[in-house]
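**Q** Below is a structure I'd like to ask you about.
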Amino acid sequence: MDKTYEPQSIEQQCYQRWEEEGLFKAKGTDAPTGNPYCILLPPPNVTGSLHMGHGFQQTIMDVLTRYHRMKGDNTLWQVGTDHAGIATQMVVERQLNAQGKTRHDLGRDDFISKIWEWKEHSGGTITSQMRRLGTSPDWDREVFTMDENLSKAVTEVFVKLHEDGLIYRGKRLVNWDPVLHTAVSDLEVLNEEEAGHMWHMRYPLADGSGSGSIVVATTRPETMLGDTAVAVHPDDERYQSLIGKEIKLPITGRLIPIIADDYVDPEFGTGCVKITPAHDFNDYDMGKRHNLPMINIFTPDAKMNDEAPEAFRGLDRFDARKQIVEQLEADGILVKVDDHKLKVPRGDRTGAVIEPYLTDQWYVAIDELAKPAIDAVESGEIRFVPENWNKTYYQWMHNIQDWCISRQLWWGHRIPAWYDNDGNIYVGRNEEEVRTKHSLAADVVLKQDDDVLDTWFSSALWPFATMGWPEQTPELETFVPSSVLVTGFDIIFFWVARMIMMTKKFTGKIPFKDIYITGLIRDESGDKMSKSKGNVLDPIDLIDGIDLESLVAKRTSGMMQPQLAAKIEKRTRKQFPEGIHAYGTDALRFTFAAMASTSRDINFDMGRVEGYRNFCNKIWNASRFVLMNTETEDTGRDGGELVLSLADKWIWAQFQQTLTEFEKALGEYRFDIAAQTVYEFTWNQFCDWYLELTKPVLNNDEASDAEKRGTRHTLINVLESLLRLLHPLMPFITETIWERVAPLSALDFKAGDSIMVQPFPAVDAAKKDEQVLADIEWVKRFIVGIRNIRGEMDIAPSKPLSVLLRNVSSDDERRLGISRTFIDRLARLDAITILAAGEQAPASATALVGEMEILIPMAGLIDKEAELARIAKAMDKLEKDLGRFKGKLSNEKFVSNAPPAVIEKEKAKLADTESQLAKLKAQQETIAAL
RNA sequence: GGACGCUUAGCUCAGUUGGGAGAGCAUCGCCCUUACAAGGCGAGGGUCACUGGUUCAAGUCCAGUAGCGUCCACCA
């Protein structure tokens, strides 16, 4: 093996081999063995590229997938991409714009061909990045939401819902994006607080009584052109006399009534509200209640239309606002303008201010679908992890609104509805079916609806459409419901809830059993990663590394707000003066796993990646050590007597514990605990102790062949098992090393075998051994005791010491007997003398192992004052403990109330502390007397 | 307005039915000991945001306060 760990040189080739050999494939449905285990990849946008959130979630999915595959389950990770209607259309439109064209120049069909072309060329970015991450989905089953099969399912669902009366068409106020010229759903509108104004306007009464007027307050004065009433609270005493009268709307001169409605808050503003039913959701409701006319004053571009007086026609809504305010001011109608903070609705894609707009759209009647979906979670059939997300789910589901599913876009699933010239609507799987079903004569002209469906409509069918629905396939039987959905809380409403509703409706089954909600990855100081903040990390850059100049260029190019570039550059240069090192995929994956605790947000810390890169290096070097000692040696693979040392038995026992904890943690989706467990075992037990403990055996001329063989056998087989344990987390390094290690192990290895389809290690009860664990703990305490004194007394680690033991029990003697070679070597001792009872000892520094005292004679080595100081420090600590224990035990309430076991424990601690103190005190006196 | 979450070492975070405060990174000291200086050995560092309550016992349970954050709804 190469002397240093270099991830770049091992990762690519591993992956290619896995994929070519078809190792990611599910066992299938024909003659499946093992329990089905299925994960659905939340299909990333086909326009997307891998961001940290993807990296994080996909790492988790891959850990689960690899783990279950090795456990022998019939494991399928279903992969695919989403056509992402708006995002994709925007990408291709932008390209056209760059050539000075619009999509309208091409026409619908050509534009769609262009998008398909784009998809063929550039749509594979994210899936190739997924491969860099080492993910192991079944690529042969990869689907795209616009594929024929999926499209068929979409049509089928639409038609069936329509037949069941759950899809309807209606003219309503919708969220209109005037840039995209499409309706969007409530969820796609973001309400951000922005600074604005509140204009107070005096509307004169129509009866011309001169002084009679009413002052209304508004944040959108331009909508006054569409006002059809002014409303006050029915109980508002100030305005009782005005209710039922009319006012003369300025500028237009239209007469509109003053109405009374509970909705009005008398405390707010002037207590009078102008009502614009065609351009405000609340006003719309009020308009319906009071049968007010609805005057639409905007074009689809949000410019003033012909309803507006001529002077304002064609003006953009914000220009119109300015001019109308000027006009009102000139006319003396404007009373005052206050600064006012308000929530401005913006489209999540365009950032454009959303306009409530009256249009015909398709809706899904949601109530009937929502009920079973709520039940599925309430009954515990579907489980959120962490559990509290079900509250978020319930809250939304109980207040759910009908879903506007039509979009005025070109890219997407075309709505399967046709219109005749009389405006009749026919819904069906295709035009032919519609004609047959409704017995339409051949000369009836039908035109298909121009709109496409919300992208989330097709995503909602993901759990069953990817399994072949509407055909009754074996996959549908085997992999619905899937095992766990791994996703972020940001799409619980968009996607998770809708999948539950649709899957329940069309298969009668739940789509998944567990929903594991991950935290959101933020930057190191807790800010959301965004292009405009310039704090975005690209997972691929953490894998391959990137030099500073490239990183700066990447972060400052293509910015919406170029003026931020300088700041971002400065920040980047400060944070990454050397760019980003190449940490490799395994280190990144391990980092993601280790950070996956139950918290909501995760602040990404580069120090962690570096630490785990070091961990990879540690594994690499430990493996080199093992191979160095086994590759050309007898490891007992072909028989031969094996004698295991205490250390050999111990590391196996430790491994069983680690394995148990790891599997428990994975079962609870605690990837952080799982990662920590294997990290601790690998570094602190296997490397720090076990490898050191093998040296006294392997380098000992007096050790027998059977002993050496036993240790080599343990070395290679523990490492082999450890690699399999680590594989789900770190696929590349484990595969690479395993190929060298496995042939030396007890496994039946054949050339070309891959670790990823080996069985996961199983707990071996025969290898558990509490006695051995305790014995090695004793050995460790012995060695650490001496190392402490060396460290604190500045005794070179290389200097051999002679020590004396006092107060040695028979158990201590037994342990010394079985571990003498380990202790001599690791503590660097050249002699151990056991003092007989009452025998005089020279002045010594002391370490305690339980009741036993290890004495290091001070003569020529240790300074008297230094040792006294050391003892004083130790005693100080013990005395503090002692005080606490005594206090507790002398508390009558504690003694009479606490469980006996707790009291016994306290007593034992007290006795132990007292004994240690007594020994130190004696030492102190001896040394002080020198 | 409603809901949820967070506050533990200088930094990033664990802490699972309440029973002697942990990890990684950073810091300090010693060490190039034949797997590893991306390392080894050792050390220092915390009134667990605050107040009160329950309890023999609270980082952990309850109530409240402060600060931060997210989601939903929304007063024109």
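Numbering starts fresh at 1 for the residues of each chain in the structure tokens, the chains themselves are lettered A, B, ... in the order given, and ligands are numbered from 1 as they appear.
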Find the spatial neighbours of Phe760 of chain A, counting only C-alpha atoms (C1' of nucleotides), within a cut-off of 10 Å - ignore same-chain residues fewer than 5 positions away - and output them as a ChimeraX atom specification.

**A** /A:66-72,659,721-728,755

**Q** Export all heavy atoms of the chosen residues as a compact mmCIF listing (two decimals), in the first residue's frame?

**A**
```
# COMPACT_ATOMS: atom_id res chain seq x y z
N ARG A 66 -26.46 0.73 1.88
CA ARG A 66 -25.33 -0.20 1.93
C ARG A 66 -25.44 -1.13 3.14
O ARG A 66 -25.14 -2.33 3.04
CB ARG A 66 -24.00 0.57 1.96
CG ARG A 66 -23.64 1.19 0.62
CD ARG A 66 -22.33 1.98 0.69
NE ARG A 66 -22.03 2.64 -0.57
CZ ARG A 66 -21.34 2.08 -1.59
NH1 ARG A 66 -20.87 0.87 -1.46
NH2 ARG A 66 -21.14 2.76 -2.70
N TYR A 67 -25.87 -0.58 4.24
CA TYR A 67 -26.01 -1.40 5.44
C TYR A 67 -27.03 -2.51 5.23
O TYR A 67 -26.76 -3.69 5.47
CB TYR A 67 -26.40 -0.50 6.62
CG TYR A 67 -26.80 -1.25 7.87
CD1 TYR A 67 -25.84 -1.95 8.61
CD2 TYR A 67 -28.11 -1.26 8.33
CE1 TYR A 67 -26.20 -2.64 9.77
CE2 TYR A 67 -28.48 -1.93 9.48
CZ TYR A 67 -27.52 -2.63 10.19
OH TYR A 67 -27.88 -3.29 11.33
N HIS A 68 -28.19 -2.13 4.72
CA HIS A 68 -29.23 -3.15 4.53
C HIS A 68 -28.89 -4.14 3.43
O HIS A 68 -29.25 -5.31 3.52
CB HIS A 68 -30.58 -2.48 4.28
CG HIS A 68 -31.20 -1.98 5.53
ND1 HIS A 68 -31.96 -2.76 6.35
CD2 HIS A 68 -31.11 -0.77 6.14
CE1 HIS A 68 -32.34 -2.06 7.42
NE2 HIS A 68 -31.83 -0.85 7.31
N ARG A 69 -28.17 -3.67 2.42
CA ARG A 69 -27.75 -4.59 1.37
C ARG A 69 -26.82 -5.64 1.98
O ARG A 69 -26.96 -6.83 1.73
CB ARG A 69 -27.04 -3.80 0.27
CG ARG A 69 -26.75 -4.63 -0.97
CD ARG A 69 -25.95 -3.81 -1.99
NE ARG A 69 -26.72 -2.75 -2.60
CZ ARG A 69 -26.38 -1.47 -2.59
NH1 ARG A 69 -25.27 -1.08 -1.96
NH2 ARG A 69 -27.11 -0.57 -3.18
N MET A 70 -25.90 -5.19 2.82
CA MET A 70 -24.97 -6.13 3.44
C MET A 70 -25.67 -7.04 4.45
O MET A 70 -25.24 -8.16 4.70
CB MET A 70 -23.82 -5.36 4.14
CG MET A 70 -22.86 -4.68 3.16
SD MET A 70 -21.61 -3.66 3.99
CE MET A 70 -20.40 -4.90 4.48
N LYS A 71 -26.75 -6.54 5.02
CA LYS A 71 -27.51 -7.36 5.96
C LYS A 71 -28.32 -8.44 5.24
O LYS A 71 -28.97 -9.26 5.87
CB LYS A 71 -28.49 -6.50 6.77
CG LYS A 71 -27.84 -5.61 7.80
CD LYS A 71 -27.19 -6.38 8.93
CE LYS A 71 -28.12 -6.60 10.09
NZ LYS A 71 -27.42 -7.26 11.22
N GLY A 72 -28.31 -8.37 3.91
CA GLY A 72 -29.00 -9.41 3.16
C GLY A 72 -30.42 -9.05 2.75
O GLY A 72 -31.16 -9.88 2.21
N LEU A 659 -20.02 -3.20 17.58
CA LEU A 659 -20.98 -3.64 16.57
C LEU A 659 -22.41 -3.49 17.08
O LEU A 659 -23.29 -2.98 16.38
CB LEU A 659 -20.67 -5.10 16.24
CG LEU A 659 -21.40 -5.77 15.11
CD1 LEU A 659 -21.29 -4.95 13.84
CD2 LEU A 659 -20.80 -7.16 14.88
N SER A 721 -13.14 -7.44 9.63
CA SER A 721 -14.50 -7.19 10.13
C SER A 721 -14.76 -5.70 10.28
O SER A 721 -15.84 -5.20 9.98
CB SER A 721 -14.70 -7.87 11.48
OG SER A 721 -14.52 -9.27 11.35
N LEU A 722 -13.76 -5.01 10.79
CA LEU A 722 -13.90 -3.57 10.99
C LEU A 722 -14.17 -2.87 9.66
O LEU A 722 -14.98 -1.95 9.58
CB LEU A 722 -12.63 -3.02 11.66
CG LEU A 722 -12.56 -1.51 11.85
CD1 LEU A 722 -13.73 -1.01 12.70
CD2 LEU A 722 -11.24 -1.11 12.49
N LEU A 723 -13.49 -3.29 8.62
CA LEU A 723 -13.70 -2.67 7.31
C LEU A 723 -15.14 -2.86 6.85
O LEU A 723 -15.76 -1.94 6.32
CB LEU A 723 -12.72 -3.26 6.28
CG LEU A 723 -11.25 -2.87 6.49
CD1 LEU A 723 -10.35 -3.70 5.58
CD2 LEU A 723 -11.02 -1.39 6.27
N ARG A 724 -15.67 -4.04 7.09
CA ARG A 724 -17.07 -4.27 6.71
C ARG A 724 -18.00 -3.40 7.56
O ARG A 724 -19.00 -2.88 7.07
CB ARG A 724 -17.43 -5.75 6.84
CG ARG A 724 -16.99 -6.58 5.63
CD ARG A 724 -17.45 -8.02 5.74
NE ARG A 724 -16.63 -8.79 6.67
CZ ARG A 724 -17.13 -9.63 7.58
NH1 ARG A 724 -18.43 -9.83 7.66
NH2 ARG A 724 -16.31 -10.29 8.39
N LEU A 725 -17.65 -3.26 8.82
CA LEU A 725 -18.46 -2.41 9.70
C LEU A 725 -18.44 -0.96 9.21
O LEU A 725 -19.45 -0.26 9.22
CB LEU A 725 -17.91 -2.51 11.13
CG LEU A 725 -18.42 -1.51 12.18
CD1 LEU A 725 -19.92 -1.63 12.36
CD2 LEU A 725 -17.73 -1.76 13.51
N LEU A 726 -17.26 -0.52 8.77
CA LEU A 726 -17.12 0.87 8.35
C LEU A 726 -17.65 1.14 6.94
O LEU A 726 -17.89 2.28 6.56
CB LEU A 726 -15.63 1.27 8.37
CG LEU A 726 -14.96 1.40 9.73
CD1 LEU A 726 -13.46 1.54 9.56
CD2 LEU A 726 -15.51 2.59 10.49
N HIS A 727 -17.81 0.05 6.19
CA HIS A 727 -18.10 0.25 4.77
C HIS A 727 -19.30 1.14 4.45
O HIS A 727 -19.22 2.00 3.58
CB HIS A 727 -18.23 -1.09 4.03
CG HIS A 727 -18.50 -0.90 2.57
ND1 HIS A 727 -19.75 -1.02 2.03
CD2 HIS A 727 -17.69 -0.52 1.56
CE1 HIS A 727 -19.69 -0.74 0.74
NE2 HIS A 727 -18.45 -0.45 0.43
N PRO A 728 -20.43 0.98 5.12
CA PRO A 728 -21.56 1.85 4.76
C PRO A 728 -21.23 3.33 4.90
O PRO A 728 -21.73 4.15 4.14
CB PRO A 728 -22.64 1.45 5.77
CG PRO A 728 -22.31 0.04 6.14
CD PRO A 728 -20.81 -0.02 6.13
N ILE A 755 -16.28 -5.73 -1.24
CA ILE A 755 -16.76 -5.64 0.14
C ILE A 755 -18.23 -5.25 0.20
O ILE A 755 -18.94 -5.61 1.14
CB ILE A 755 -15.90 -4.62 0.94
CG1 ILE A 755 -16.18 -4.73 2.45
CG2 ILE A 755 -16.13 -3.20 0.45
CD1 ILE A 755 -15.29 -3.85 3.31
```

**Q** Among the residues of segment 341-477 of chain A, find those DSSP assigns to helix (DSSP H, G or I) from the backbone and print them as a ChimeraX atom specification.

**A** /A:367-378,389-398,431-437,455-459,462-465,474-477

**Q** Counting only C-alpha atoms (C1' of nucleotides), what is within 12 Å of G69 of chain B, bar same-chain residues fewer than 6 positions away, as a PyMOL selection string?

**A** (chain A and resi 526-528+600-601) or (chain B and resi 4-7)

**Q** At a cut-off of 6 Å, which residues of chain A touch chain B? Count only C-alpha atoms (C1' of nucleotides) and give the answer as a list in words.

**A**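 Every residue of chain A that passes the 6 Å test is in Thr218, Val273, Asp605, Gly607, Asn614, Asn621, Ala622, Arg624, Phe625, Gly791, Lys893, Phe894, Asn897 and Ala898 of chain A.
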
**Q** Those same residues, written as a PDB file, in the first residue's frame with C-alpha atoms?

**A**
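Listing of again.pdb after writing:
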```pdb
ATOM      1  CA  THR A 218     -53.823  51.381   2.214  1.00  0.00           C
ATOM      2  CA  VAL A 273     -60.814  49.725   4.479  1.00  0.00           C
ATOM      3  CA  ASP A 605     -17.534  22.987  10.552  1.00  0.00           C
ATOM      4  CA  GLY A 607     -12.532  21.338  11.220  1.00  0.00           C
ATOM      5  CA  ASN A 614      -7.203  12.325   9.512  1.00  0.00           C
ATOM      6  CA  ASN A 621      -1.835   3.523   8.297  1.00  0.00           C
ATOM      7  CA  ALA A 622      -3.220   1.029  10.757  1.00  0.00           C
ATOM      8  CA  ARG A 624      -0.489  -0.785   6.542  1.00  0.00           C
ATOM      9  CA  PHE A 625       0.761  -1.935   9.911  1.00  0.00           C
ATOM     10  CA  GLY A 791       4.562  13.151  31.690  1.00  0.00           C
ATOM     11  CA  LYS A 893     -33.237  12.209  53.438  1.00  0.00           C
ATOM     12  CA  PHE A 894     -30.901  10.783  50.858  1.00  0.00           C
ATOM     13  CA  ASN A 897     -35.212   7.873  50.052  1.00  0.00           C
ATOM     14  CA  ALA A 898     -32.673   6.908  47.445  1.00  0.00           C
TER      15      ALA A 898
END
```

**Q** Report as a list in words all protein, DNA and RNA residues lying within 9 Å of Gly640 of chain A, evaluated on only C-alpha atoms (C1' of nucleotides), omitting residues in the same chain fewer than 5 positions from it.

**A** Asp634, Thr635, Ala706 and Arg709 of chain A

**Q** Export, as a compact mmCIF listing (two decimals), in the first residue's frame, the selected residues with N, CA and C atoms.

**A**
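Saved result, again-v2.txt, follows:
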```txt
# COMPACT_ATOMS: atom_id res chain seq x y z
N ASP A 634 2.32 -16.15 8.32
CA ASP A 634 1.27 -17.14 8.52
C ASP A 634 0.17 -16.54 9.41
N THR A 635 -1.01 -16.38 8.84
CA THR A 635 -2.11 -15.82 9.62
C THR A 635 -3.09 -16.89 10.06
N ALA A 706 2.40 -20.49 17.65
CA ALA A 706 0.94 -20.47 17.82
C ALA A 706 0.48 -19.14 18.38
N ARG A 709 0.91 -16.64 15.54
CA ARG A 709 -0.14 -16.91 14.55
C ARG A 709 -1.49 -16.41 15.07
```

**Q** Kindly give the distance, in Å, that separates atom CA of Val79 of chain A and atom CA of Trp738 of chain A, rounded to a single decimal.

**A**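 Separation between atom CA of Val79 of chain A and atom CA of Trp738 of chain A: 27.7 Å.
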
**Q** Separation of atom CA of Ala565 of chain A and atom CA of Ala553 of chain A, in Å?

**A** 9.6 Å

**Q** Would you compute the distance between atom CA of Leu747 of chain A and atom CA of Gly667 of chain A? Give it in Å to one decimal.

**A**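 Atom-to-atom, atom CA of Leu747 of chain A and atom CA of Gly667 of chain A are spaced 26.9 Å apart.
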
**Q** Compile the contact shell of G15 of chain B as a PDB file with C-alpha atoms (C1' of nucleotides), in the first residue's frame: residues with an atom at most 12 Å away, counting only C-alpha atoms (C1' of nucleotides), same-chain residues fewer than 3 positions apart removed.

**A**
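Saved result, result06.pdb, follows:
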```
ATOM      1  CA  SER A 597     -27.808  14.518  15.252  1.00  0.00           C
ATOM      2  CA  ILE A 673     -23.742   8.023  17.488  1.00  0.00           C
TER       3      ILE A 673
ATOM      4  C1'   U B   8     -23.413  22.924  27.707  1.00  0.00           C
ATOM      5  C1'   A B  21     -20.200  17.083  33.084  1.00  0.00           C
ATOM      6  C1'   G B  22     -18.159  14.457  27.333  1.00  0.00           C
ATOM      7  C1'   A B  23     -16.032  14.388  21.958  1.00  0.00           C
ATOM      8  C1'   C B  48     -24.783  23.328  31.619  1.00  0.00           C
ATOM      9  C1'   G B  59     -27.735  19.799  32.160  1.00  0.00           C
ATOM     10  C1'   U B  60     -31.883  16.151  32.192  1.00  0.00           C
TER      11        U B  60
END
```

**Q** When you look at segment 610-613 of chain A with a cut-off of 8 Å (counting only C-alpha atoms (C1' of nucleotides)), what residues show up, excluding the ones that are within fewer than 3 positions of it in the same chain? I need them as a list in words.

**A**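 Listing them by chain and then by number gives Tyr583, Gly584, Asp586, Ala587, Leu588, Phe590, Thr591, Met606, Gly607, Cys616 and Asn617 of chain A; G24, C25 and A38 of chain B.
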
**Q** Could you write those residues out with all heavy atoms, as a compact mmCIF listing (two decimals), in the first residue's frame?

**A**
```
# COMPACT_ATOMS: atom_id res chain seq x y z
N TYR A 583 -10.25 16.54 0.68
CA TYR A 583 -10.44 15.65 1.83
C TYR A 583 -10.92 14.26 1.42
O TYR A 583 -10.84 13.32 2.19
CB TYR A 583 -11.42 16.27 2.82
CG TYR A 583 -10.91 17.55 3.43
CD1 TYR A 583 -11.50 18.78 3.15
CD2 TYR A 583 -9.81 17.54 4.28
CE1 TYR A 583 -11.03 19.95 3.71
CE2 TYR A 583 -9.31 18.70 4.85
CZ TYR A 583 -9.93 19.91 4.55
OH TYR A 583 -9.45 21.05 5.11
N GLY A 584 -11.44 14.18 0.22
CA GLY A 584 -11.92 12.87 -0.23
C GLY A 584 -13.36 12.60 0.19
O GLY A 584 -13.87 13.18 1.14
N ASP A 586 -14.81 9.84 1.41
CA ASP A 586 -15.05 9.12 2.66
C ASP A 586 -15.05 10.05 3.86
O ASP A 586 -15.89 9.93 4.75
CB ASP A 586 -14.02 8.01 2.84
CG ASP A 586 -14.23 6.86 1.85
OD1 ASP A 586 -15.40 6.51 1.61
OD2 ASP A 586 -13.24 6.34 1.32
N ALA A 587 -14.11 10.99 3.86
CA ALA A 587 -14.04 11.93 4.98
C ALA A 587 -15.29 12.80 5.00
O ALA A 587 -15.87 13.06 6.06
CB ALA A 587 -12.80 12.81 4.86
N LEU A 588 -15.73 13.23 3.82
CA LEU A 588 -16.93 14.07 3.74
C LEU A 588 -18.16 13.29 4.21
O LEU A 588 -18.97 13.79 4.99
CB LEU A 588 -17.13 14.58 2.31
CG LEU A 588 -18.36 15.45 2.11
CD1 LEU A 588 -18.27 16.73 2.93
CD2 LEU A 588 -18.55 15.79 0.63
N PHE A 590 -18.25 10.71 6.17
CA PHE A 590 -18.17 10.47 7.61
C PHE A 590 -18.59 11.73 8.37
O PHE A 590 -19.28 11.66 9.38
CB PHE A 590 -16.76 10.03 8.01
CG PHE A 590 -16.73 9.30 9.32
CD1 PHE A 590 -16.90 7.92 9.35
CD2 PHE A 590 -16.56 9.97 10.52
CE1 PHE A 590 -16.90 7.23 10.56
CE2 PHE A 590 -16.57 9.29 11.73
CZ PHE A 590 -16.73 7.91 11.75
N THR A 591 -18.17 12.88 7.85
CA THR A 591 -18.54 14.14 8.49
C THR A 591 -20.05 14.33 8.50
O THR A 591 -20.65 14.66 9.53
CB THR A 591 -17.89 15.33 7.74
OG1 THR A 591 -16.50 15.09 7.60
CG2 THR A 591 -18.13 16.63 8.50
N MET A 606 -15.62 23.07 9.07
CA MET A 606 -14.56 22.48 8.25
C MET A 606 -13.59 21.66 9.09
O MET A 606 -12.99 20.69 8.61
CB MET A 606 -13.79 23.58 7.52
CG MET A 606 -14.57 24.26 6.42
SD MET A 606 -14.92 23.18 5.03
CE MET A 606 -13.29 22.98 4.36
N GLY A 607 -13.44 22.06 10.34
CA GLY A 607 -12.53 21.34 11.22
C GLY A 607 -12.93 19.87 11.35
O GLY A 607 -12.07 19.00 11.51
N CYS A 616 -9.41 8.87 8.27
CA CYS A 616 -9.16 8.00 7.11
C CYS A 616 -7.68 7.63 7.06
O CYS A 616 -7.31 6.48 6.81
CB CYS A 616 -9.54 8.70 5.81
SG CYS A 616 -11.31 8.95 5.61
N ASN A 617 -6.88 8.63 7.26
CA ASN A 617 -5.44 8.40 7.25
C ASN A 617 -5.02 7.40 8.32
O ASN A 617 -4.15 6.55 8.11
CB ASN A 617 -4.73 9.74 7.46
CG ASN A 617 -3.24 9.65 7.22
OD1 ASN A 617 -2.80 9.11 6.22
ND2 ASN A 617 -2.46 10.15 8.17
P G B 24 -11.38 13.59 21.42
OP1 G B 24 -10.44 12.50 21.11
OP2 G B 24 -11.04 14.59 22.48
O5' G B 24 -11.71 14.39 20.10
C5' G B 24 -11.94 13.70 18.87
C4' G B 24 -12.34 14.70 17.82
O4' G B 24 -13.59 15.33 18.21
C3' G B 24 -11.39 15.88 17.66
O3' G B 24 -10.30 15.55 16.82
C2' G B 24 -12.29 16.93 17.04
O2' G B 24 -12.52 16.68 15.67
C1' G B 24 -13.59 16.70 17.82
N9 G B 24 -13.66 17.52 19.03
C8 G B 24 -13.37 17.14 20.31
N7 G B 24 -13.52 18.12 21.18
C5 G B 24 -13.93 19.20 20.42
C6 G B 24 -14.25 20.53 20.80
O6 G B 24 -14.23 21.02 21.93
N1 G B 24 -14.62 21.30 19.71
C2 G B 24 -14.67 20.85 18.41
N2 G B 24 -15.04 21.75 17.50
N3 G B 24 -14.38 19.61 18.04
C4 G B 24 -14.03 18.85 19.08
P C B 25 -8.89 16.21 17.06
OP1 C B 25 -7.98 15.62 16.07
OP2 C B 25 -8.59 16.10 18.50
O5' C B 25 -9.13 17.74 16.70
C5' C B 25 -9.38 18.14 15.36
C4' C B 25 -9.80 19.59 15.31
O4' C B 25 -11.00 19.76 16.11
C3' C B 25 -8.83 20.58 15.94
O3' C B 25 -7.76 20.90 15.07
C2' C B 25 -9.75 21.77 16.20
O2' C B 25 -10.02 22.47 15.01
C1' C B 25 -11.01 21.06 16.67
N1 C B 25 -11.04 20.97 18.14
C2 C B 25 -11.41 22.10 18.86
O2 C B 25 -11.71 23.14 18.24
N3 C B 25 -11.43 22.07 20.21
C4 C B 25 -11.09 20.94 20.85
N4 C B 25 -11.12 20.95 22.17
C5 C B 25 -10.70 19.77 20.14
C6 C B 25 -10.69 19.82 18.79
P A B 38 1.61 16.25 9.16
OP1 A B 38 2.17 15.48 8.06
OP2 A B 38 1.60 17.72 9.10
O5' A B 38 0.12 15.74 9.43
C5' A B 38 -0.86 16.59 10.11
C4' A B 38 -2.06 15.70 10.42
O4' A B 38 -2.74 15.53 9.18
C3' A B 38 -1.55 14.37 10.89
O3' A B 38 -1.80 14.03 12.24
C2' A B 38 -1.86 13.38 9.72
O2' A B 38 -2.47 12.20 10.17
C1' A B 38 -2.73 14.18 8.77
N9 A B 38 -2.25 14.11 7.39
C8 A B 38 -1.08 14.58 6.87
N7 A B 38 -0.95 14.39 5.58
C5 A B 38 -2.12 13.77 5.22
C6 A B 38 -2.60 13.31 3.99
N6 A B 38 -1.93 13.42 2.86
N1 A B 38 -3.81 12.72 3.98
C2 A B 38 -4.50 12.61 5.12
N3 A B 38 -4.14 13.02 6.35
C4 A B 38 -2.94 13.59 6.33
```

**Q** With only C-alpha atoms (C1' of nucleotides) as the counted atoms, please give the residues lying no more than 8 Å from segment 386-397 of chain A, apart from itself and same-chain residues fewer than 2 positions off, as a list of chain:residue names.

**A** A:Ala370, A:Ile374, A:Val377, A:Arg383, A:Phe384, A:Asn399, A:Ile400, A:Ile492, A:Phe493, A:Ala497, A:Tyr516, A:Ile517, A:Thr598, B:A3, B:C4, B:C71, B:C72
